[in-house]
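Visitor: The file below is work12.csv, CSV, C-alpha atoms (C1' of nucleotides):
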chain,number,residue,atom,x,y,z
A,12,MET,CA,10.0,10.6,27.4
A,13,ALA,CA,7.6,9.6,24.8
A,14,ALA,CA,4.5,10.9,26.4
A,15,THR,CA,1.8,8.8,24.7
A,16,PRO,CA,3.6,5.8,23.3
A,17,GLN,CA,2.7,4.3,19.9
A,18,ALA,CA,0.3,7.3,19.5
A,19,ASN,CA,1.8,8.8,16.3
A,20,ALA,CA,-0.9,9.8,14.0
A,21,GLN,CA,-1.6,13.4,12.9
A,22,PRO,CA,-5.2,14.2,12.2
A,23,GLY,CA,-3.9,14.7,8.7
A,24,GLU,CA,-3.4,10.9,8.2
A,25,ARG,CA,-4.8,9.7,5.0
A,26,ILE,CA,-8.0,7.7,5.0
A,27,SER,CA,-7.8,4.6,2.7
A,28,GLU,CA,-10.6,3.4,0.5
A,29,ALA,CA,-11.8,0.6,2.8
A,30,GLU,CA,-11.7,3.0,5.7
A,31,TYR,CA,-13.7,5.5,3.7
A,32,ALA,CA,-16.5,3.0,3.3
A,33,VAL,CA,-16.7,2.8,7.1
A,34,MET,CA,-16.7,6.6,7.4
A,35,GLU,CA,-19.5,6.8,4.9
A,36,VAL,CA,-21.7,4.7,7.2
A,37,LEU,CA,-20.9,6.8,10.2
A,38,TRP,CA,-21.4,10.1,8.4
A,39,GLU,CA,-24.9,8.9,7.5
A,40,GLU,CA,-25.7,7.9,11.0
A,41,ALA,CA,-23.8,8.1,14.3
A,42,PRO,CA,-22.9,7.0,16.8
A,43,LEU,CA,-22.9,3.4,15.9
A,44,SER,CA,-21.4,0.2,17.4
A,45,ALA,CA,-19.0,-2.0,15.4
A,46,GLN,CA,-21.9,-4.4,14.8
A,47,ASP,CA,-24.1,-1.7,13.6
A,48,VAL,CA,-21.5,-0.6,11.1
A,49,CYS,CA,-20.9,-4.1,10.0
A,50,ALA,CA,-24.6,-4.6,9.5
A,51,LYS,CA,-24.5,-1.7,7.0
A,52,VAL,CA,-21.4,-2.6,5.0
A,53,CYS,CA,-20.3,-6.1,5.6
A,54,ALA,CA,-22.8,-7.5,3.1
A,55,ALA,CA,-22.0,-5.0,0.4
A,56,ARG,CA,-18.3,-5.4,0.6
A,57,GLY,CA,-18.1,-9.0,1.6
A,58,TRP,CA,-16.4,-8.2,4.9
A,59,SER,CA,-16.5,-10.0,8.2
A,60,LEU,CA,-17.0,-8.3,11.6
A,61,PRO,CA,-13.2,-8.5,12.5
A,62,THR,CA,-12.4,-6.6,9.4
A,63,VAL,CA,-14.7,-3.8,10.4
A,64,LYS,CA,-13.2,-3.8,13.8
A,65,THR,CA,-9.8,-3.4,12.4
A,66,LEU,CA,-10.8,-0.5,10.2
A,67,LEU,CA,-12.6,1.2,13.1
A,68,ALA,CA,-9.5,0.8,15.2
A,69,ARG,CA,-7.3,2.3,12.5
A,70,LEU,CA,-9.6,5.2,12.0
A,71,VAL,CA,-9.6,5.9,15.7
A,72,THR,CA,-5.8,5.9,15.6
A,73,LYS,CA,-5.9,8.3,12.7
A,74,GLN,CA,-8.3,10.5,14.7
A,75,ALA,CA,-10.9,10.3,12.1
A,76,LEU,CA,-13.3,8.7,14.6
A,77,SER,CA,-14.0,9.4,18.2
A,78,THR,CA,-15.5,6.9,20.6
A,79,THR,CA,-17.9,6.8,23.6
A,80,ARG,CA,-18.1,4.0,26.0
A,81,ASP,CA,-21.5,2.3,26.2
A,82,GLY,CA,-21.3,-0.6,28.6
A,83,LYS,CA,-18.8,-3.0,27.3
A,84,ARG,CA,-18.7,-1.7,23.8
A,85,PHE,CA,-17.8,1.5,22.0
A,86,LEU,CA,-19.9,3.8,20.0
A,87,TYR,CA,-18.1,5.4,17.1
A,88,SER,CA,-18.7,8.9,15.7
A,89,PRO,CA,-16.9,10.8,13.0
A,90,ALA,CA,-14.3,13.2,14.3
A,91,MET,CA,-14.1,15.0,11.0
A,92,ALA,CA,-16.8,16.4,8.8
A,93,ARG,CA,-17.5,14.7,5.6
A,94,SER,CA,-17.3,17.9,3.8
A,95,ASP,CA,-13.8,18.4,5.0
A,96,TYR,CA,-12.7,15.0,3.8
A,97,VAL,CA,-14.4,15.5,0.5
A,98,GLY,CA,-12.9,18.9,0.2
A,99,THR,CA,-9.3,17.9,0.7
A,100,GLU,CA,-9.8,14.9,-1.5
A,101,SER,CA,-11.2,17.0,-4.3
A,102,ARG,CA,-8.6,19.5,-4.0
A,103,ARG,CA,-5.9,16.9,-4.1
A,104,LEU,CA,-7.3,15.5,-7.4
A,105,VAL,CA,-7.5,19.0,-8.9
A,106,ASP,CA,-4.0,19.8,-7.8
A,107,ARG,CA,-2.5,16.5,-9.0
A,108,LEU,CA,-4.3,16.2,-12.3
A,109,PHE,CA,-5.3,19.6,-13.4
A,110,GLY,CA,-2.5,21.9,-12.0
A,111,GLY,CA,-4.8,23.1,-9.3
A,112,ARG,CA,-7.3,24.7,-11.7
A,113,ALA,CA,-10.9,23.6,-11.7
A,114,ALA,CA,-11.9,24.5,-15.2
A,115,PRO,CA,-10.0,21.8,-16.9
A,116,LEU,CA,-11.6,19.2,-14.6
A,117,PHE,CA,-14.9,20.6,-15.6
A,118,ALA,CA,-13.9,20.4,-19.2
A,119,GLN,CA,-12.8,16.8,-18.8
A,120,LEU,CA,-16.1,15.8,-17.3
A,121,ALA,CA,-18.0,17.6,-20.0
A,122,GLN,CA,-16.0,15.9,-22.7
A,123,ALA,CA,-16.5,12.5,-21.1
A,124,GLU,CA,-20.2,13.2,-21.1
A,125,ALA,CA,-20.2,12.7,-17.4
A,126,LEU,CA,-22.5,15.7,-17.0
A,127,THR,CA,-26.2,15.1,-16.9
A,128,ASP,CA,-28.7,17.7,-17.8
A,129,THR,CA,-29.5,18.1,-14.2
A,130,ASP,CA,-25.8,18.6,-13.4
A,131,ILE,CA,-25.6,21.3,-16.0
A,132,ALA,CA,-28.7,23.1,-14.7
A,133,GLU,CA,-27.4,23.0,-11.2
A,134,ILE,CA,-24.0,24.2,-12.1
A,135,GLU,CA,-25.6,27.0,-14.0
A,136,ALA,CA,-27.6,28.0,-11.0
A,137,LEU,CA,-24.5,27.9,-8.8
A,138,LEU,CA,-22.7,30.1,-11.3
A,139,LYS,CA,-25.3,32.7,-11.2
A,140,GLU,CA,-25.2,32.7,-7.5
A,141,LEU,CA,-21.4,33.0,-7.5
A,142,LYS,CA,-21.6,36.1,-9.6
A,143,SER,CA,-23.9,37.9,-7.4
B,9,MET,CA,-0.4,-23.9,-19.5
B,10,ALA,CA,0.5,-20.5,-18.4
B,11,ALA,CA,1.2,-19.0,-21.7
B,12,THR,CA,3.2,-15.9,-20.8
B,13,PRO,CA,4.6,-16.5,-17.4
B,14,GLN,CA,4.7,-13.7,-14.8
B,15,ALA,CA,2.9,-11.5,-17.3
B,16,ASN,CA,-0.3,-10.9,-15.3
B,17,ALA,CA,-1.3,-7.2,-15.5
B,18,GLN,CA,-4.4,-6.0,-17.2
B,19,PRO,CA,-4.1,-2.6,-18.8
B,20,GLY,CA,-6.6,-1.6,-16.1
B,21,GLU,CA,-3.9,-1.8,-13.4
B,22,ARG,CA,-3.9,1.2,-11.2
B,23,ILE,CA,-1.1,3.7,-11.5
B,24,SER,CA,0.3,4.8,-8.2
B,25,GLU,CA,1.2,8.4,-7.3
B,26,ALA,CA,4.9,7.9,-7.7
B,27,GLU,CA,4.3,6.2,-11.0
B,28,TYR,CA,2.1,9.0,-12.1
B,29,ALA,CA,5.0,11.5,-11.6
B,30,VAL,CA,6.9,9.4,-14.2
B,31,MET,CA,4.0,9.3,-16.6
B,32,GLU,CA,3.7,13.0,-16.4
B,33,VAL,CA,7.2,13.4,-17.7
B,34,LEU,CA,6.6,11.1,-20.6
B,35,TRP,CA,3.3,12.6,-21.4
B,36,GLU,CA,5.1,15.9,-21.8
B,37,GLU,CA,7.9,14.4,-24.0
B,38,ALA,CA,8.5,11.0,-25.3
B,39,PRO,CA,10.3,8.8,-26.0
B,40,LEU,CA,12.8,9.2,-23.3
B,41,SER,CA,15.5,7.0,-21.7
B,42,ALA,CA,15.5,6.2,-18.0
B,43,GLN,CA,18.2,8.8,-17.5
B,44,ASP,CA,16.2,11.5,-19.3
B,45,VAL,CA,13.3,10.8,-17.1
B,46,CYS,CA,15.4,10.9,-14.0
B,47,ALA,CA,16.9,14.2,-15.2
B,48,LYS,CA,13.4,15.6,-15.2
B,49,VAL,CA,12.0,14.3,-11.9
B,50,CYS,CA,14.8,13.0,-9.7
B,51,ALA,CA,15.7,16.4,-8.3
B,52,ALA,CA,12.1,17.5,-7.7
B,53,ARG,CA,11.2,14.3,-5.9
B,54,GLY,CA,14.5,13.5,-4.3
B,55,TRP,CA,14.8,10.2,-6.2
B,56,SER,CA,17.8,8.3,-7.4
B,57,LEU,CA,18.1,6.7,-10.8
B,58,PRO,CA,17.4,3.2,-9.5
B,59,THR,CA,14.1,4.4,-8.2
B,60,VAL,CA,13.1,5.7,-11.6
B,61,LYS,CA,14.1,2.5,-13.2
B,62,THR,CA,11.9,0.5,-10.9
B,63,LEU,CA,9.0,2.8,-11.5
B,64,LEU,CA,9.5,2.5,-15.3
B,65,ALA,CA,9.7,-1.3,-15.1
B,66,ARG,CA,6.5,-1.4,-13.1
B,67,LEU,CA,4.7,0.9,-15.5
B,68,VAL,CA,5.8,-1.3,-18.4
B,69,THR,CA,4.4,-4.4,-16.6
B,70,LYS,CA,1.2,-2.5,-16.1
B,71,GLN,CA,1.2,-1.8,-19.8
B,72,ALA,CA,1.1,1.9,-19.2
B,73,LEU,CA,4.4,2.4,-21.0
B,74,SER,CA,5.8,0.8,-24.1
B,75,THR,CA,9.5,0.5,-25.0
B,76,THR,CA,11.7,0.7,-28.0
B,77,ARG,CA,15.3,-0.6,-28.0
B,78,ASP,CA,17.9,2.0,-28.7
B,79,GLY,CA,21.3,0.3,-28.6
B,80,LYS,CA,21.7,-1.0,-25.1
B,81,ARG,CA,19.0,1.0,-23.5
B,82,PHE,CA,15.3,1.4,-23.8
B,83,LEU,CA,13.3,4.4,-24.8
B,84,TYR,CA,10.0,4.7,-23.0
B,85,SER,CA,6.7,6.1,-24.3
B,86,PRO,CA,3.2,6.3,-22.8
B,87,ALA,CA,1.0,3.5,-23.9
B,88,MET,CA,-2.1,5.3,-22.6
B,89,ALA,CA,-3.3,8.8,-23.3
B,90,ARG,CA,-3.1,11.2,-20.5
B,91,SER,CA,-6.7,12.2,-21.1
B,92,ASP,CA,-7.7,8.6,-20.5
B,93,TYR,CA,-6.0,8.4,-17.2
B,94,VAL,CA,-7.2,11.8,-16.1
B,95,GLY,CA,-10.7,10.8,-17.2
B,96,THR,CA,-11.0,7.5,-15.3
B,97,GLU,CA,-9.3,9.1,-12.3
B,98,SER,CA,-11.8,12.0,-12.3
B,99,ARG,CA,-14.7,9.7,-12.8
B,100,ARG,CA,-13.5,7.5,-9.9
B,101,LEU,CA,-13.5,10.5,-7.6
B,102,VAL,CA,-16.9,11.7,-8.7
B,103,ASP,CA,-18.3,8.2,-8.2
B,104,ARG,CA,-16.7,7.6,-4.9
B,105,LEU,CA,-17.3,11.0,-3.2
B,106,PHE,CA,-20.3,12.5,-5.0
B,107,GLY,CA,-22.4,9.6,-6.0
B,108,GLY,CA,-21.4,9.9,-9.6
B,109,ARG,CA,-22.9,13.3,-10.0
B,110,ALA,CA,-20.7,16.2,-11.1
B,111,ALA,CA,-22.7,19.1,-9.7
B,112,PRO,CA,-22.0,18.4,-6.1
B,113,LEU,CA,-18.3,18.3,-6.9
B,114,PHE,CA,-18.6,21.7,-8.5
B,115,ALA,CA,-20.5,23.0,-5.5
B,116,GLN,CA,-17.8,21.7,-3.3
B,117,LEU,CA,-15.1,23.5,-5.2
B,118,ALA,CA,-17.2,26.6,-5.3
B,119,GLN,CA,-17.8,26.6,-1.5
B,120,ALA,CA,-14.1,25.9,-0.9
B,121,GLU,CA,-13.3,28.9,-2.9
B,122,ALA,CA,-11.3,26.8,-5.1
B,123,LEU,CA,-12.6,28.5,-8.2
B,124,THR,CA,-10.8,31.5,-9.6
B,125,ASP,CA,-12.5,34.1,-11.7
B,126,THR,CA,-10.8,32.6,-14.7
B,127,ASP,CA,-12.2,29.2,-13.8
B,128,ILE,CA,-15.7,30.6,-13.6
B,129,ALA,CA,-15.4,32.4,-16.9
B,130,GLU,CA,-14.1,29.3,-18.6
B,131,ILE,CA,-16.8,27.1,-17.1
B,132,GLU,CA,-19.4,29.6,-18.2
B,133,ALA,CA,-18.1,29.5,-21.7
B,134,LEU,CA,-18.1,25.7,-21.7
B,135,LEU,CA,-21.6,25.7,-20.4
B,136,LYS,CA,-22.7,27.9,-23.2
B,137,GLU,CA,-21.1,25.6,-25.7
B,138,LEU,CA,-22.7,22.5,-24.2
B,139,LYS,CA,-26.1,24.0,-24.6
B,140,SER,CA,-25.7,24.6,-28.2
C,18,DG,C1',-22.2,-15.4,41.6
C,19,DC,C1',-21.1,-17.9,37.3
C,20,DT,C1',-21.1,-18.8,32.8
C,21,DC,C1',-21.6,-17.3,28.0
C,22,DA,C1',-21.7,-14.1,24.5
C,23,DT,C1',-19.8,-10.0,22.9
C,24,DT,C1',-16.3,-6.4,22.5
C,25,DG,C1',-11.9,-4.4,21.8
C,26,DT,C1',-7.0,-5.5,21.4
C,27,DT,C1',-3.2,-7.9,19.5
C,28,DT,C1',-1.2,-10.4,16.1
C,29,DA,C1',-0.9,-12.1,11.3
C,30,DC,C1',-0.1,-12.2,6.6
C,31,DA,C1',-0.1,-11.4,1.7
C,32,DG,C1',0.1,-7.8,-1.7
C,33,DG,C1',1.2,-3.1,-3.3
C,34,DC,C1',4.1,1.0,-2.9
C,35,DG,C1',8.3,3.9,-2.2
C,36,DT,C1',12.9,3.7,-2.3
C,37,DA,C1',17.1,1.7,-3.6
C,38,DG,C1',21.3,-1.7,-4.0
C,39,DT,C1',23.4,-5.4,-6.6
C,40,DC,C1',24.6,-7.9,-10.6
C,41,DG,C1',25.2,-9.7,-15.1
C,42,DA,C1',25.1,-8.2,-19.8
C,43,DT,C1',26.2,-5.1,-23.3
C,44,DT,C1',27.9,-1.2,-25.6
C,45,DA,C1',31.3,2.3,-26.3
C,46,DC,C1',35.8,3.9,-26.2
C,47,DG,C1',40.4,3.7,-26.4
D,22,DC,C1',40.5,-6.5,-28.4
D,23,DG,C1',40.0,-5.4,-23.8
D,24,DT,C1',38.3,-2.6,-20.2
D,25,DA,C1',35.2,0.8,-18.3
D,26,DA,C1',30.8,2.8,-18.1
D,27,DT,C1',26.0,2.0,-18.5
D,28,DC,C1',21.7,-0.4,-18.8
D,29,DG,C1',17.9,-3.4,-17.5
D,30,DA,C1',16.7,-7.3,-14.4
D,31,DC,C1',16.4,-9.1,-10.0
D,32,DT,C1',16.4,-8.6,-5.1
D,33,DA,C1',15.4,-6.1,-0.9
D,34,DC,C1',13.0,-4.1,2.7
D,35,DG,C1',10.0,-1.4,5.6
D,36,DC,C1',5.4,0.6,5.6
D,37,DC,C1',0.5,0.8,4.4
D,38,DT,C1',-3.6,-1.7,3.2
D,39,DG,C1',-7.1,-5.3,3.0
D,40,DT,C1',-8.6,-9.0,5.3
D,41,DA,C1',-9.1,-11.7,9.3
D,42,DA,C1',-8.1,-15.0,13.3
D,43,DA,C1',-6.9,-15.5,18.3
D,44,DC,C1',-7.3,-13.9,22.7
D,45,DA,C1',-8.3,-11.6,26.8
D,46,DA,C1',-11.5,-8.7,29.3
D,47,DT,C1',-16.0,-7.4,30.4
D,48,DG,C1',-20.8,-7.1,30.9
D,49,DA,C1',-25.5,-9.7,30.7
D,50,DG,C1',-28.6,-13.1,31.9
D,51,DC,C1',-29.9,-16.8,34.8
I need this file expressed as structure tokens, please.
Guide:
Amino acid sequence: MAATPQANAQPGERISEAEYAVMEVLWEEAPLSAQDVCAKVCAARGWSLPTVKTLLARLVTKQALSTTRDGKRFLYSPAMARSDYVGTESRRLVDRLFGGRAAPLFAQLAQAEALTDTDIAEIEALLKELKS
Amino acid sequence: MAATPQANAQPGERISEAEYAVMEVLWEEAPLSAQDVCAKVCAARGWSLPTVKTLLARLVTKQALSTTRDGKRFLYSPAMARSDYVGTESRRLVDRLFGGRAAPLFAQLAQAEALTDTDIAEIEALLKELKS
DNA sequence: GCTCATTGTTTACAGGCGTAGTCGATTACG
DNA sequence: CGTAATCGACTACGCCTGTAAACAATGAGC
């Protein structure tokens, strides 16, 4: 048995921070080759090409990326929407730190003065919309 | 050289998820002994006493907990405020996922319908206060 | 067609994390 | 005073992560 061997990896697999940096690039523009991705992050993070390759491979295993052959190389594209990732990640934080309620998070940010005037204005607008 | 040996561990050390569960208990009530802590989390997380002891030790190393001798055992107390932890952790998320701006996070939660009516009311109240 | 550069794959390795057992010291109880 | 229970320290170990080298296949250019 064991249909597809070593292929354990639910789509729910967690994406690590380094992997996330790679996803960022691909969410901005895709599909890209490993080299393209490296061109966009290697400098900033002090990575080498092999590192990016490893991360790409792991993301493919985790089904966070899909690939298309292009000659001898692969082109990588996100297999999950950025908003999905951001959503579950936000939710996770709110659940873990604020008992699942968003208001305390907001209060926290407010108290930490992490809210700019623009933020406040935008949130106000959103609120108005929500109530309609 | 090497003043205090193995004692590398800036207070900035990151607290892992399991460690956080222990901190939670101590933020709620402190000081507590290892057994007290275990009594409060072991069941819920399926841990054994040794596990809790390890986590406590690591948290002490990370200077997230302080200890007081009490006979042959230690009593543990938080060495950092919960609000500090929650603050940096929230900030980290906002920085990483929303470019440091809070409004998009709020929008995300709104769109994900993660906002209850109570949340909205409370946030509205907070907004009003902020503007005064 | 042959060689060279490029690509993905495999392997590596140290450090952190989750989970826990062992052990020597110490305290408490009889 | 001696023995048993308990405590913290040390050790362990597999998995994930960050980072990367080695290698084998494959496609491109001459």
Visitor: With only C-alpha atoms (C1' of nucleotides) as the counted atoms, please give the residues lying no more than 12 Å from Thr79 in chain A, apart from itself and same-chain residues fewer than 3 positions off, as a PDB file with C-alpha atoms, keeping the file's coordinate frame.
Guide:
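What landed in part_4.pdb:
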ATOM      1  CA  ALA A  41     -23.800   8.100  14.300  1.00  0.00           C
ATOM      2  CA  PRO A  42     -22.900   7.000  16.800  1.00  0.00           C
ATOM      3  CA  LEU A  43     -22.900   3.400  15.900  1.00  0.00           C
ATOM      4  CA  SER A  44     -21.400   0.200  17.400  1.00  0.00           C
ATOM      5  CA  VAL A  71      -9.600   5.900  15.700  1.00  0.00           C
ATOM      6  CA  LEU A  76     -13.300   8.700  14.600  1.00  0.00           C
ATOM      7  CA  GLY A  82     -21.300  -0.600  28.600  1.00  0.00           C
ATOM      8  CA  LYS A  83     -18.800  -3.000  27.300  1.00  0.00           C
ATOM      9  CA  ARG A  84     -18.700  -1.700  23.800  1.00  0.00           C
ATOM     10  CA  PHE A  85     -17.800   1.500  22.000  1.00  0.00           C
ATOM     11  CA  LEU A  86     -19.900   3.800  20.000  1.00  0.00           C
ATOM     12  CA  TYR A  87     -18.100   5.400  17.100  1.00  0.00           C
ATOM     13  CA  SER A  88     -18.700   8.900  15.700  1.00  0.00           C
ATOM     14  CA  PRO A  89     -16.900  10.800  13.000  1.00  0.00           C
ATOM     15  CA  ALA A  90     -14.300  13.200  14.300  1.00  0.00           C
TER      16      ALA A  90
END
Visitor: Which of these residues is nearest to chain A, using all atoms listed in the file: C:DA22, C:DA37, C:DA31, C:DA42?
Guide: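 Among the listed residues, C:DA22 lies closest to chain A.
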Visitor: Mind giving me the straight-line distance from CA of Ala29 in chain B to CA of Arg25 in chain A in Å, one decimal?
Guide: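 Calculated distance between CA of Ala29 in chain B and CA of Arg25 in chain A is 19.4 Å.
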Visitor: Enter the distance from CA of Val48 in chain A to CA of Phe106 in chain B, in Å, rounded to one decimal.
Guide: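 Separation of CA of Val48 in chain A and CA of Phe106 in chain B: 20.8 Å.
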Visitor: Find the residues of chain A in contact range of chain B, meaning any atom within 12 Å when counting all atoms listed in the file, and list them as a ChimeraX atom specification.
Guide: /A:28-29,31-32,34-35,93-142
Visitor: Where atoms are missing, can you supply N, CA and C atoms for range 114-138 of chain B and output the lot as a short mmCIF file (atom, residue, chain, number, x, y, z; two decimals), in the coordinates of the input?
Guide:
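Dumped to part-v4.cif:
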data_model
loop_
_atom_site.label_atom_id
_atom_site.label_comp_id
_atom_site.auth_asym_id
_atom_site.auth_seq_id
_atom_site.Cartn_x
_atom_site.Cartn_y
_atom_site.Cartn_z
N PHE B 114 -18.75 20.28 -8.15
CA PHE B 114 -18.60 21.70 -8.50
C PHE B 114 -19.02 22.56 -7.31
N ALA B 115 -20.10 22.20 -6.67
CA ALA B 115 -20.50 23.00 -5.50
C ALA B 115 -19.47 22.95 -4.43
N GLN B 116 -18.88 21.81 -4.25
CA GLN B 116 -17.80 21.70 -3.30
C GLN B 116 -16.67 22.63 -3.55
N LEU B 117 -16.24 22.61 -4.80
CA LEU B 117 -15.10 23.50 -5.20
C LEU B 117 -15.50 24.94 -5.02
N ALA B 118 -16.73 25.23 -5.38
CA ALA B 118 -17.20 26.60 -5.30
C ALA B 118 -17.14 27.06 -3.80
N GLN B 119 -17.69 26.20 -2.96
CA GLN B 119 -17.80 26.60 -1.50
C GLN B 119 -16.40 26.67 -0.92
N ALA B 120 -15.48 25.85 -1.41
CA ALA B 120 -14.10 25.90 -0.90
C ALA B 120 -13.32 27.02 -1.48
N GLU B 121 -14.00 27.82 -2.27
CA GLU B 121 -13.30 28.90 -2.90
C GLU B 121 -12.16 28.50 -3.75
N ALA B 122 -12.32 27.31 -4.31
CA ALA B 122 -11.30 26.80 -5.10
C ALA B 122 -11.44 27.19 -6.60
N LEU B 123 -12.37 28.05 -6.81
CA LEU B 123 -12.60 28.50 -8.20
C LEU B 123 -12.14 29.94 -8.36
N THR B 124 -11.27 30.11 -9.30
CA THR B 124 -10.80 31.50 -9.60
C THR B 124 -11.78 32.11 -10.56
N ASP B 125 -11.62 33.38 -10.73
CA ASP B 125 -12.50 34.10 -11.70
C ASP B 125 -12.33 33.51 -13.06
N THR B 126 -11.08 33.20 -13.38
CA THR B 126 -10.80 32.60 -14.70
C THR B 126 -11.58 31.29 -14.83
N ASP B 127 -11.50 30.48 -13.80
CA ASP B 127 -12.20 29.20 -13.80
C ASP B 127 -13.69 29.45 -14.14
N ILE B 128 -14.26 30.37 -13.40
CA ILE B 128 -15.70 30.60 -13.60
C ILE B 128 -16.01 31.05 -14.98
N ALA B 129 -15.17 31.93 -15.50
CA ALA B 129 -15.40 32.40 -16.90
C ALA B 129 -15.33 31.25 -17.84
N GLU B 130 -14.32 30.42 -17.68
CA GLU B 130 -14.10 29.30 -18.60
C GLU B 130 -15.27 28.31 -18.52
N ILE B 131 -15.69 28.06 -17.32
CA ILE B 131 -16.80 27.10 -17.10
C ILE B 131 -18.06 27.66 -17.76
N GLU B 132 -18.23 28.94 -17.61
CA GLU B 132 -19.40 29.60 -18.20
C GLU B 132 -19.38 29.39 -19.72
N ALA B 133 -18.21 29.61 -20.28
CA ALA B 133 -18.10 29.50 -21.70
C ALA B 133 -18.40 28.02 -22.14
N LEU B 134 -17.87 27.08 -21.38
CA LEU B 134 -18.10 25.70 -21.70
C LEU B 134 -19.59 25.35 -21.60
N LEU B 135 -20.22 25.92 -20.61
CA LEU B 135 -21.60 25.70 -20.40
C LEU B 135 -22.42 26.14 -21.66
N LYS B 136 -22.05 27.32 -22.08
CA LYS B 136 -22.70 27.90 -23.20
C LYS B 136 -22.60 26.95 -24.43
N GLU B 137 -21.39 26.45 -24.58
CA GLU B 137 -21.10 25.60 -25.70
C GLU B 137 -21.92 24.26 -25.57
N LEU B 138 -22.01 23.77 -24.38
CA LEU B 138 -22.70 22.50 -24.20
C LEU B 138 -24.17 22.62 -24.53
#
